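Heads up, data03.pdb below (PDB, C-alpha atoms and all ligand atoms):
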```pdb
ATOM      1  CA  MET N   5     -36.319 -20.477 -20.397  1.00  0.00           C
ATOM      2  CA  GLU N   6     -34.018 -18.152 -18.435  1.00  0.00           C
ATOM      3  CA  ASN N   7     -30.716 -19.937 -18.828  1.00  0.00           C
ATOM      4  CA  ILE N   8     -29.903 -23.086 -20.767  1.00  0.00           C
ATOM      5  CA  PHE N   9     -27.356 -24.495 -18.279  1.00  0.00           C
ATOM      6  CA  PHE N  10     -28.650 -23.839 -14.758  1.00  0.00           C
ATOM      7  CA  ASP N  11     -31.624 -22.610 -12.794  1.00  0.00           C
ATOM      8  CA  ARG N  12     -31.117 -19.173 -11.252  1.00  0.00           C
ATOM      9  CA  LYS N  13     -32.607 -20.494  -8.015  1.00  0.00           C
ATOM     10  CA  GLU N  14     -29.543 -22.722  -7.631  1.00  0.00           C
ATOM     11  CA  LEU N  15     -27.248 -19.690  -7.174  1.00  0.00           C
ATOM     12  CA  LYS N  16     -25.918 -19.208  -3.643  1.00  0.00           C
ATOM     13  CA  TYR N  17     -27.169 -15.613  -3.814  1.00  0.00           C
ATOM     14  CA  CYS N  18     -28.615 -13.413  -6.520  1.00  0.00           C
ATOM     15  CA  GLY N  19     -29.413  -9.764  -5.790  1.00  0.00           C
ATOM     16  CA  LYS N  20     -31.711  -7.277  -7.470  1.00  0.00           C
ATOM     17  CA  ASN N  21     -31.406  -5.985 -11.012  1.00  0.00           C
ATOM     18  CA  VAL N  22     -29.143  -8.809 -12.177  1.00  0.00           C
ATOM     19  CA  ILE N  23     -28.945  -9.760 -15.854  1.00  0.00           C
ATOM     20  CA  ILE N  24     -27.439 -13.133 -16.814  1.00  0.00           C
ATOM     21  CA  GLY N  25     -27.321 -14.135 -20.496  1.00  0.00           C
ATOM     22  CA  LYS N  26     -29.113 -17.306 -21.515  1.00  0.00           C
ATOM     23  CA  THR N  27     -25.901 -18.985 -22.624  1.00  0.00           C
ATOM     24  CA  VAL N  28     -23.774 -18.162 -19.552  1.00  0.00           C
ATOM     25  CA  ARG N  29     -22.452 -21.437 -18.175  1.00  0.00           C
ATOM     26  CA  ILE N  30     -21.938 -21.569 -14.405  1.00  0.00           C
ATOM     27  CA  ARG N  31     -20.649 -24.988 -13.397  1.00  0.00           C
ATOM     28  CA  TYR N  32     -21.193 -24.616  -9.648  1.00  0.00           C
ATOM     29  CA  PRO N  33     -24.116 -22.198  -9.211  1.00  0.00           C
ATOM     30  CA  GLU N  34     -24.251 -23.109  -5.511  1.00  0.00           C
ATOM     31  CA  LEU N  35     -20.828 -21.403  -5.122  1.00  0.00           C
ATOM     32  CA  VAL N  36     -21.758 -18.198  -6.936  1.00  0.00           C
ATOM     33  CA  GLU N  37     -22.979 -14.998  -5.224  1.00  0.00           C
ATOM     34  CA  ILE N  38     -24.097 -12.102  -7.374  1.00  0.00           C
ATOM     35  CA  GLY N  39     -24.759  -8.748  -5.735  1.00  0.00           C
ATOM     36  CA  ASP N  40     -27.210  -6.092  -6.940  1.00  0.00           C
ATOM     37  CA  ASN N  41     -26.911  -4.420 -10.355  1.00  0.00           C
ATOM     38  CA  CYS N  42     -24.638  -6.903 -12.101  1.00  0.00           C
ATOM     39  CA  ILE N  43     -24.513  -8.138 -15.687  1.00  0.00           C
ATOM     40  CA  ILE N  44     -22.967 -11.373 -16.955  1.00  0.00           C
ATOM     41  CA  ASP N  45     -23.098 -11.477 -20.744  1.00  0.00           C
ATOM     42  CA  ASP N  46     -23.565 -14.459 -23.022  1.00  0.00           C
ATOM     43  CA  PHE N  47     -20.957 -17.152 -23.730  1.00  0.00           C
ATOM     44  CA  THR N  48     -19.184 -16.583 -20.423  1.00  0.00           C
ATOM     45  CA  TYR N  49     -17.941 -19.715 -18.632  1.00  0.00           C
ATOM     46  CA  ILE N  50     -17.426 -19.846 -14.864  1.00  0.00           C
ATOM     47  CA  SER N  51     -15.885 -22.876 -13.128  1.00  0.00           C
ATOM     48  CA  THR N  52     -14.869 -21.357  -9.763  1.00  0.00           C
ATOM     49  CA  ALA N  53     -16.633 -20.013  -6.715  1.00  0.00           C
ATOM     50  CA  LEU N  54     -17.447 -16.370  -7.470  1.00  0.00           C
ATOM     51  CA  LYS N  55     -18.549 -13.286  -5.528  1.00  0.00           C
ATOM     52  CA  LEU N  56     -19.660 -10.155  -7.359  1.00  0.00           C
ATOM     53  CA  ASN N  57     -20.156  -7.277  -4.947  1.00  0.00           C
ATOM     54  CA  GLY N  58     -22.363  -5.033  -7.097  1.00  0.00           C
ATOM     55  CA  TYR N  59     -22.312  -2.951 -10.285  1.00  0.00           C
ATOM     56  CA  ASN N  60     -20.011  -5.493 -11.939  1.00  0.00           C
ATOM     57  CA  HIS N  61     -20.032  -6.274 -15.631  1.00  0.00           C
ATOM     58  CA  ILE N  62     -18.610  -9.510 -17.029  1.00  0.00           C
ATOM     59  CA  SER N  63     -18.727  -9.016 -20.807  1.00  0.00           C
ATOM     60  CA  SER N  64     -19.348 -11.735 -23.347  1.00  0.00           C
ATOM     61  CA  GLY N  65     -16.998 -14.656 -23.784  1.00  0.00           C
ATOM     62  CA  CYS N  66     -15.075 -14.302 -20.503  1.00  0.00           C
ATOM     63  CA  LYS N  67     -13.696 -17.391 -18.770  1.00  0.00           C
ATOM     64  CA  LEU N  68     -13.347 -17.524 -14.974  1.00  0.00           C
ATOM     65  CA  ILE N  69     -11.623 -20.832 -14.355  1.00  0.00           C
ATOM     66  CA  GLY N  70      -9.835 -22.810 -11.649  1.00  0.00           C
ATOM     67  CA  GLY N  71     -12.300 -25.327 -10.236  1.00  0.00           C
ATOM     68  CA  LYS N  72     -14.632 -25.456  -7.276  1.00  0.00           C
ATOM     69  CA  ASN N  73     -11.894 -24.955  -4.644  1.00  0.00           C
ATOM     70  CA  CYS N  74     -10.900 -21.536  -6.002  1.00  0.00           C
ATOM     71  CA  LEU N  75     -12.623 -18.234  -5.322  1.00  0.00           C
ATOM     72  CA  ILE N  76     -12.713 -15.161  -7.536  1.00  0.00           C
ATOM     73  CA  GLU N  77     -14.006 -12.006  -5.819  1.00  0.00           C
ATOM     74  CA  PHE N  78     -14.932  -8.655  -7.356  1.00  0.00           C
ATOM     75  CA  ASN N  79     -15.399  -5.459  -5.437  1.00  0.00           C
ATOM     76  CA  SER N  80     -17.933  -3.033  -6.871  1.00  0.00           C
ATOM     77  CA  PHE N  81     -17.856  -1.125 -10.201  1.00  0.00           C
ATOM     78  CA  SER N  82     -15.310  -3.465 -11.762  1.00  0.00           C
ATOM     79  CA  THR N  83     -15.591  -4.733 -15.300  1.00  0.00           C
ATOM     80  CA  LEU N  84     -14.162  -7.352 -17.622  1.00  0.00           C
ATOM     81  CA  ALA N  85     -14.181  -6.485 -21.347  1.00  0.00           C
ATOM     82  CA  PRO N  86     -15.008  -9.317 -23.796  1.00  0.00           C
ATOM     83  CA  ASN N  87     -12.882 -12.485 -23.859  1.00  0.00           C
ATOM     84  CA  VAL N  88     -10.915 -11.961 -20.659  1.00  0.00           C
ATOM     85  CA  VAL N  89      -9.560 -15.051 -18.871  1.00  0.00           C
ATOM     86  CA  LEU N  90      -9.278 -15.000 -15.069  1.00  0.00           C
ATOM     87  CA  SER N  91      -7.289 -18.082 -14.235  1.00  0.00           C
ATOM     88  CA  ALA N  92      -7.414 -19.076 -10.576  1.00  0.00           C
ATOM     89  CA  GLY N  93      -5.824 -22.393 -11.526  1.00  0.00           C
ATOM     90  CA  SER N  94      -3.146 -23.257 -14.059  1.00  0.00           C
ATOM     91  CA  ASP N  95      -1.479 -26.502 -15.150  1.00  0.00           C
ATOM     92  CA  ASP N  96       2.244 -27.271 -14.782  1.00  0.00           C
ATOM     93  CA  TYR N  97       3.701 -26.162 -18.127  1.00  0.00           C
ATOM     94  CA  LEU N  98       7.145 -27.692 -17.462  1.00  0.00           C
ATOM     95  CA  SER N  99       6.744 -31.071 -15.832  1.00  0.00           C
ATOM     96  CA  GLY N 100       3.151 -32.199 -15.605  1.00  0.00           C
ATOM     97  CA  ILE N 101       0.480 -33.824 -17.743  1.00  0.00           C
ATOM     98  CA  ALA N 102      -2.008 -31.102 -18.529  1.00  0.00           C
ATOM     99  CA  THR N 103      -5.320 -32.870 -18.767  1.00  0.00           C
ATOM    100  CA  PRO N 104      -8.123 -33.202 -16.236  1.00  0.00           C
ATOM    101  CA  LEU N 105      -8.381 -36.860 -17.304  1.00  0.00           C
ATOM    102  CA  VAL N 106      -5.365 -37.942 -15.229  1.00  0.00           C
ATOM    103  CA  ASP N 107      -5.368 -37.838 -11.444  1.00  0.00           C
ATOM    104  CA  ILE N 108      -3.408 -35.256  -9.451  1.00  0.00           C
ATOM    105  CA  ARG N 109      -0.283 -37.499  -9.085  1.00  0.00           C
ATOM    106  CA  PHE N 110       0.421 -37.054 -12.811  1.00  0.00           C
ATOM    107  CA  LYS N 111      -0.262 -33.373 -13.100  1.00  0.00           C
ATOM    108  CA  GLY N 112       2.959 -31.965 -11.590  1.00  0.00           C
ATOM    109  CA  LYS N 113       2.775 -28.680  -9.683  1.00  0.00           C
ATOM    110  CA  VAL N 114      -0.641 -27.354 -10.582  1.00  0.00           C
ATOM    111  CA  GLN N 115      -0.937 -23.748  -9.520  1.00  0.00           C
ATOM    112  CA  TYR N 116      -4.063 -22.688  -7.649  1.00  0.00           C
ATOM    113  CA  GLY N 117      -4.712 -19.222  -6.255  1.00  0.00           C
ATOM    114  CA  ASN N 118      -7.745 -17.153  -5.494  1.00  0.00           C
ATOM    115  CA  LEU N 119      -8.150 -13.873  -7.319  1.00  0.00           C
ATOM    116  CA  LYS N 120      -9.331 -10.541  -5.934  1.00  0.00           C
ATOM    117  CA  ILE N 121     -10.389  -7.785  -8.277  1.00  0.00           C
ATOM    118  CA  GLY N 122     -10.669  -4.520  -6.353  1.00  0.00           C
ATOM    119  CA  LYS N 123     -13.096  -1.657  -6.798  1.00  0.00           C
ATOM    120  CA  HIS N 124     -13.170   0.299 -10.105  1.00  0.00           C
ATOM    121  CA  CYS N 125     -10.887  -2.129 -11.934  1.00  0.00           C
ATOM    122  CA  ILE N 126     -11.152  -2.624 -15.715  1.00  0.00           C
ATOM    123  CA  VAL N 127      -9.579  -5.469 -17.654  1.00  0.00           C
ATOM    124  CA  GLY N 128      -9.261  -4.916 -21.426  1.00  0.00           C
ATOM    125  CA  SER N 129     -10.317  -7.422 -24.074  1.00  0.00           C
ATOM    126  CA  GLY N 130      -8.393 -10.633 -24.521  1.00  0.00           C
ATOM    127  CA  SER N 131      -6.264 -10.261 -21.372  1.00  0.00           C
ATOM    128  CA  VAL N 132      -5.242 -13.131 -19.110  1.00  0.00           C
ATOM    129  CA  ILE N 133      -4.790 -12.917 -15.329  1.00  0.00           C
ATOM    130  CA  LEU N 134      -2.790 -15.715 -13.684  1.00  0.00           C
ATOM    131  CA  PRO N 135      -3.434 -17.278 -10.229  1.00  0.00           C
ATOM    132  CA  ASN N 136      -2.794 -15.040  -7.172  1.00  0.00           C
ATOM    133  CA  CYS N 137      -2.359 -11.920  -9.325  1.00  0.00           C
ATOM    134  CA  ASP N 138      -4.838  -9.655  -7.578  1.00  0.00           C
ATOM    135  CA  LEU N 139      -5.805  -6.240  -8.887  1.00  0.00           C
ATOM    136  CA  GLU N 140      -5.898  -3.640  -6.135  1.00  0.00           C
ATOM    137  CA  ASP N 141      -8.597  -0.939  -6.201  1.00  0.00           C
ATOM    138  CA  GLY N 142      -8.580   1.118  -9.391  1.00  0.00           C
ATOM    139  CA  ALA N 143      -5.981  -1.000 -11.227  1.00  0.00           C
ATOM    140  CA  SER N 144      -6.791  -1.291 -14.930  1.00  0.00           C
ATOM    141  CA  VAL N 145      -5.302  -3.433 -17.669  1.00  0.00           C
ATOM    142  CA  GLY N 146      -5.038  -2.670 -21.417  1.00  0.00           C
ATOM    143  CA  ALA N 147      -6.226  -5.062 -24.113  1.00  0.00           C
ATOM    144  CA  LEU N 148      -4.317  -8.307 -24.844  1.00  0.00           C
ATOM    145  CA  SER N 149      -2.209  -8.167 -21.683  1.00  0.00           C
ATOM    146  CA  LEU N 150      -0.767 -10.868 -19.441  1.00  0.00           C
ATOM    147  CA  VAL N 151      -1.019 -10.159 -15.718  1.00  0.00           C
ATOM    148  CA  ASN N 152       1.590 -12.278 -13.929  1.00  0.00           C
ATOM    149  CA  ARG N 153       1.924 -10.265 -10.694  1.00  0.00           C
ATOM    150  CA  LYS N 154      -0.286  -8.342  -8.272  1.00  0.00           C
ATOM    151  CA  LEU N 155      -1.130  -4.908  -9.636  1.00  0.00           C
ATOM    152  CA  PRO N 156      -0.916  -1.904  -7.297  1.00  0.00           C
ATOM    153  CA  ALA N 157      -3.867   0.471  -6.891  1.00  0.00           C
ATOM    154  CA  TRP N 158      -4.928   3.121  -9.407  1.00  0.00           C
ATOM    155  CA  GLY N 159      -2.392   2.312 -12.133  1.00  0.00           C
ATOM    156  CA  LEU N 160      -3.024   1.603 -15.826  1.00  0.00           C
ATOM    157  CA  TYR N 161      -0.946  -1.393 -16.965  1.00  0.00           C
ATOM    158  CA  ALA N 162      -0.585  -3.183 -20.311  1.00  0.00           C
ATOM    159  CA  GLY N 163       1.596  -5.575 -22.269  1.00  0.00           C
ATOM    160  CA  ILE N 164       2.965  -9.120 -22.083  1.00  0.00           C
ATOM    161  CA  PRO N 165       3.785  -9.236 -19.243  1.00  0.00           C
ATOM    162  CA  VAL N 166       2.110  -6.064 -17.968  1.00  0.00           C
ATOM    163  CA  LYS N 167       4.135  -2.912 -17.382  1.00  0.00           C
ATOM    164  CA  PHE N 168       2.987   0.235 -15.611  1.00  0.00           C
ATOM    165  CA  LEU N 169       1.830   2.876 -18.118  1.00  0.00           C
ATOM    166  CA  LYS N 170       0.075   5.696 -16.255  1.00  0.00           C
ATOM    167  CA  GLU N 171      -1.697   6.744 -13.052  1.00  0.00           C
ATOM    168  CA  ARG N 172      -5.492   6.746 -13.208  1.00  0.00           C
ATOM    169  CA  ASP N 173      -7.477   9.721 -11.919  1.00  0.00           C
ATOM    170  CA  ARG N 174      -8.504   8.277  -8.582  1.00  0.00           C
ATOM    171  CA  MET N 175     -10.081  11.476  -7.274  1.00  0.00           C
ATOM    172  CA  LYS N 176     -12.237  11.948 -10.370  1.00  0.00           C
ATOM    173  CA  ILE N 177     -13.417   8.318 -10.347  1.00  0.00           C
ATOM    174  CA  ASN N 178     -14.336   8.508  -6.655  1.00  0.00           C
ATOM    175  CA  GLU N 179     -16.237  11.762  -7.247  1.00  0.00           C
ATOM    176  CA  LEU N 180     -18.108  10.135 -10.142  1.00  0.00           C
ATOM    177  CA  GLU N 181     -19.040   7.210  -7.904  1.00  0.00           C
ATOM    178  CA  ILE N 182     -20.423   9.501  -5.194  1.00  0.00           C
ATOM    179  CA  GLU N 183     -22.399  11.493  -7.772  1.00  0.00           C
ATOM    180  CA  PHE N 184     -23.719   8.316  -9.394  1.00  0.00           C
ATOM    181  CA  LEU N 185     -24.845   6.751  -6.102  1.00  0.00           C
ATOM    182  CA  LYS N 186     -26.599   9.984  -5.096  1.00  0.00           C
ATOM    183  CA  ASN N 187     -28.658   9.810  -8.273  1.00  0.00           C
ATOM    184  CA  SER N 188     -29.259   6.067  -8.557  1.00  0.00           C
ATOM    185  CA  ILE N 189     -32.650   4.636  -7.723  1.00  0.00           C
ATOM    186  CA  ILE N 190     -31.594   1.115  -6.812  1.00  0.00           C
TER     187      ILE N 190
HETATM  188  C1  LIG N 201      -4.255   1.036 -22.525  1.00  0.00           C
HETATM  189  C2  LIG N 201      -5.297   1.853 -23.291  1.00  0.00           C
HETATM  190  C3  LIG N 201      -6.482   2.144 -22.388  1.00  0.00           C
HETATM  191  C4  LIG N 201      -4.705   3.142 -23.840  1.00  0.00           C
HETATM  192  O1  LIG N 201      -4.456   4.061 -22.828  1.00  0.00           O
HETATM  193  P1  LIG N 201      -3.835   5.492 -23.193  1.00  0.00           P
HETATM  194  O2  LIG N 201      -3.738   6.251 -21.927  1.00  0.00           O
HETATM  195  O3  LIG N 201      -4.584   6.116 -24.316  1.00  0.00           O
HETATM  196  O4  LIG N 201      -2.378   5.042 -23.634  1.00  0.00           O
HETATM  197  P2  LIG N 201      -1.571   5.365 -24.952  1.00  0.00           P
HETATM  198  O5  LIG N 201      -2.354   4.960 -26.158  1.00  0.00           O
HETATM  199  O6  LIG N 201      -1.078   6.771 -24.818  1.00  0.00           O
HETATM  200  O7  LIG N 201      -0.353   4.341 -24.821  1.00  0.00           O
HETATM  201  C5  LIG N 201       0.698   4.509 -23.889  1.00  0.00           C
HETATM  202  C6  LIG N 201       1.760   3.457 -24.240  1.00  0.00           C
HETATM  203  O8  LIG N 201       1.225   2.152 -23.920  1.00  0.00           O
HETATM  204  C7  LIG N 201       1.229   1.332 -25.113  1.00  0.00           C
HETATM  205  N1  LIG N 201      -0.015   0.532 -25.084  1.00  0.00           N
HETATM  206  C8  LIG N 201      -1.287   0.992 -25.099  1.00  0.00           C
HETATM  207  N2  LIG N 201      -2.160  -0.031 -25.014  1.00  0.00           N
HETATM  208  C9  LIG N 201      -1.420  -1.147 -24.935  1.00  0.00           C
HETATM  209  C10 LIG N 201      -1.767  -2.519 -24.854  1.00  0.00           C
HETATM  210  N3  LIG N 201      -3.024  -2.922 -24.784  1.00  0.00           N
HETATM  211  N4  LIG N 201      -0.759  -3.411 -24.783  1.00  0.00           N
HETATM  212  C11 LIG N 201       0.549  -3.012 -24.854  1.00  0.00           C
HETATM  213  N5  LIG N 201       0.925  -1.706 -24.927  1.00  0.00           N
HETATM  214  C12 LIG N 201      -0.057  -0.788 -24.970  1.00  0.00           C
HETATM  215  C13 LIG N 201       1.265   2.303 -26.280  1.00  0.00           C
HETATM  216  O9  LIG N 201       1.787   1.711 -27.420  1.00  0.00           O
HETATM  217  C14 LIG N 201       2.135   3.411 -25.717  1.00  0.00           C
HETATM  218  O10 LIG N 201       3.475   2.996 -25.764  1.00  0.00           O
HETATM  219  P3  LIG N 201       4.680   4.045 -26.053  1.00  0.00           P
HETATM  220  O11 LIG N 201       4.627   5.039 -24.926  1.00  0.00           O
HETATM  221  O12 LIG N 201       5.907   3.182 -26.050  1.00  0.00           O
HETATM  222  O13 LIG N 201       4.347   4.666 -27.358  1.00  0.00           O
HETATM  223  C15 LIG N 201      -5.769   1.106 -24.576  1.00  0.00           C
HETATM  224  O14 LIG N 201      -4.681   0.968 -25.482  1.00  0.00           O
HETATM  225  C16 LIG N 201      -6.372  -0.237 -24.319  1.00  0.00           C
HETATM  226  O15 LIG N 201      -5.716  -1.270 -24.353  1.00  0.00           O
HETATM  227  N6  LIG N 201      -7.702  -0.237 -24.039  1.00  0.00           N
HETATM  228  C17 LIG N 201      -8.482  -1.382 -23.808  1.00  0.00           C
HETATM  229  C18 LIG N 201      -9.669  -1.332 -24.714  1.00  0.00           C
HETATM  230  C19 LIG N 201     -10.586  -2.502 -24.624  1.00  0.00           C
HETATM  231  O16 LIG N 201     -10.212  -3.630 -24.375  1.00  0.00           O
HETATM  232  N7  LIG N 201     -11.864  -2.211 -24.850  1.00  0.00           N
HETATM  233  C20 LIG N 201     -12.886  -3.201 -24.839  1.00  0.00           C
HETATM  234  C21 LIG N 201     -14.234  -2.646 -24.424  1.00  0.00           C
HETATM  235  S1  LIG N 201     -14.230  -1.916 -22.778  1.00  0.00           S
END
```
Take the structure from the file and write it as structure tokens.
Amino acid sequence: MENIFFDRKELKYCGKNVIIGKTVRIRYPELVEIGDNCIIDDFTYISTALKLNGYNHISSGCKLIGGKNCLIEFNSFSTLAPNVVLSAGSDDYLSGIATPLVDIRFKGKVQYGNLKIGKHCIVGSGSVILPNCDLEDGASVGALSLVNRKLPAWGLYAGIPVKFLKERDRMKINELEIEFLKNSII
């Protein structure tokens, strides 16, 4: 048995050299596109539409949530460390009833927003990214952080909420990518 929750053939697209853990739960496989050379590790839960461009790693225990009307997109070489939450939807924490068991009239102002994770982004363990808070290319986030705004390219950010810490070495990372692709077989 390949996966205990869905049949890989149900995915909208699945490229070459893709590894998906047996216990990964994808609620809407028909909305999920996985490019070549991607890994989704065990105990990850995905309840949105999702596009992985290629060379993406979703580590174990991540949650990509928001429902079937939200889309989370990853450009290539981006990674989530274990236990990251990407929240493309969030309940109203001030004036709504926060349960899926009531209809929308009782839920207040639920926030929905697609999420874009650029190329060469890394999100550290235990971090949470809120709706509409895209990561531009090369943005990375330290462990246990809260991302409540869009993060500009090639910065390292951390904290609750995130603050800018340092510039990443964009030139070096791009050189490494070129070198890697020259040598890769797939
Ligand atoms: C951010 C990180 C990469 C460290 O980067 P670094 O360049 O070595 O940064 P430093 O350790 O010099 O820290 C710089 C400042 O940011 C603070 N800081 C570092 N990580 C932080 C975090 N996760 N949250 C809040 N503040 C953090 C430091 O305390 C320091 O503050 P100061 O200048 O007031 O003393 C690292 O702390 C981290 O969070 N890594 C994620 C690791 C992870 O999740 N791994 C899982 C497997 S991939």
Hey, what's within 6 Å of segment 81-86 of chain N if we count only C-alpha atoms and toss same-chain stuff fewer than 6 positions away? As JSON, numbers by chain, please? {"N": [59, 60, 61, 62, 63, 64, 65, 66, 123, 124, 125, 126, 127, 128, 129]}
Could you list, as a VMD selection string, every residue matched by the PyMOL selection byres (((chain N and resi 161-175) around 10) and not hetatm) in this structure? chain N and resid 124 127 to 128 131 to 132 141 to 153 155 to 160 176 to 181
Run through the PyMOL selection byres (((chain N and resi 15-23) around 12) and not hetatm) on the given coordinates and return the selected residues as an mmCIF file with C-alpha atoms, in the coordinates of the input.
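The file below, expr33.cif, is the result:
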```cif
data_model
loop_
_atom_site.group_PDB
_atom_site.id
_atom_site.type_symbol
_atom_site.label_atom_id
_atom_site.label_comp_id
_atom_site.auth_asym_id
_atom_site.auth_seq_id
_atom_site.Cartn_x
_atom_site.Cartn_y
_atom_site.Cartn_z
ATOM 1 C CA GLU N 6 -34.018 -18.152 -18.435
ATOM 2 C CA ASN N 7 -30.716 -19.937 -18.828
ATOM 3 C CA PHE N 10 -28.650 -23.839 -14.758
ATOM 4 C CA ASP N 11 -31.624 -22.610 -12.794
ATOM 5 C CA ARG N 12 -31.117 -19.173 -11.252
ATOM 6 C CA LYS N 13 -32.607 -20.494 -8.015
ATOM 7 C CA GLU N 14 -29.543 -22.722 -7.631
ATOM 8 C CA ILE N 24 -27.439 -13.133 -16.814
ATOM 9 C CA GLY N 25 -27.321 -14.135 -20.496
ATOM 10 C CA LYS N 26 -29.113 -17.306 -21.515
ATOM 11 C CA THR N 27 -25.901 -18.985 -22.624
ATOM 12 C CA VAL N 28 -23.774 -18.162 -19.552
ATOM 13 C CA ILE N 30 -21.938 -21.569 -14.405
ATOM 14 C CA ARG N 31 -20.649 -24.988 -13.397
ATOM 15 C CA TYR N 32 -21.193 -24.616 -9.648
ATOM 16 C CA PRO N 33 -24.116 -22.198 -9.211
ATOM 17 C CA GLU N 34 -24.251 -23.109 -5.511
ATOM 18 C CA LEU N 35 -20.828 -21.403 -5.122
ATOM 19 C CA VAL N 36 -21.758 -18.198 -6.936
ATOM 20 C CA GLU N 37 -22.979 -14.998 -5.224
ATOM 21 C CA ILE N 38 -24.097 -12.102 -7.374
ATOM 22 C CA GLY N 39 -24.759 -8.748 -5.735
ATOM 23 C CA ASP N 40 -27.210 -6.092 -6.940
ATOM 24 C CA ASN N 41 -26.911 -4.420 -10.355
ATOM 25 C CA CYS N 42 -24.638 -6.903 -12.101
ATOM 26 C CA ILE N 43 -24.513 -8.138 -15.687
ATOM 27 C CA ILE N 44 -22.967 -11.373 -16.955
ATOM 28 C CA ASP N 45 -23.098 -11.477 -20.744
ATOM 29 C CA ASP N 46 -23.565 -14.459 -23.022
ATOM 30 C CA ALA N 53 -16.633 -20.013 -6.715
ATOM 31 C CA LEU N 54 -17.447 -16.370 -7.470
ATOM 32 C CA LYS N 55 -18.549 -13.286 -5.528
ATOM 33 C CA LEU N 56 -19.660 -10.155 -7.359
ATOM 34 C CA ASN N 57 -20.156 -7.277 -4.947
ATOM 35 C CA GLY N 58 -22.363 -5.033 -7.097
ATOM 36 C CA TYR N 59 -22.312 -2.951 -10.285
ATOM 37 C CA ASN N 60 -20.011 -5.493 -11.939
ATOM 38 C CA HIS N 61 -20.032 -6.274 -15.631
ATOM 39 C CA ILE N 62 -18.610 -9.510 -17.029
ATOM 40 C CA SER N 63 -18.727 -9.016 -20.807
ATOM 41 C CA ILE N 189 -32.650 4.636 -7.723
ATOM 42 C CA ILE N 190 -31.594 1.115 -6.812
#
```
Take the PyMOL selection byres (((chain N and resi 115) around 6) and not hetatm), apply it to the structure above, and return the hits as a PyMOL selection string. chain N and resi 93-94+114+116
How many Å lie between atom CA of Pro135 of chain N and atom CA of Gly70 of chain N, rounded to one decimal?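 These atoms are spaced 8.6 Å apart.
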Around all the atoms of segment 172-190 of chain N listed in the file, with 5 Å of room on each side, what axis-aligned box do you get, giving centre and edge lengths in Å to one decimal, as JSON?
```
{"center_x": -19.1, "center_y": 6.5, "center_z": -9.2, "size_x": 37.2, "size_y": 20.8, "size_z": 18.1}
```
What does the structure give for the distance between atom CA of Leu185 of chain N and atom C19 of ligand LIG 201 (chain N), in Å to one decimal?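 About the pair atom CA of Leu185 of chain N and atom C19 of ligand LIG 201 (chain N): they are 25.1 Å apart.
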Quick one, how far is atom CA of Asn79 of chain N from atom C1 of ligand LIG 201 (chain N)?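 Result for atom CA of Asn79 of chain N versus atom C1 of ligand LIG 201 (chain N): 21.4 Å, one decimal.
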Which residue gives the smallest distance to Thr48 of chain N among N:Leu139, N:Leu119, N:Val89, N:Leu134, with only C-alpha atoms counted?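 Among the listed residues, the smallest separation from Thr48 of chain N belongs to N:Val89.
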Selected residue of minimal separation from ligand LIG 201 (chain N) among N:Ser51, N:Ser80, N:Asn87, N:Asn136, counting all atoms listed in the file: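 Once distances to ligand LIG 201 (chain N) are computed over all atoms listed in the file, the minimum belongs to N:Asn87.
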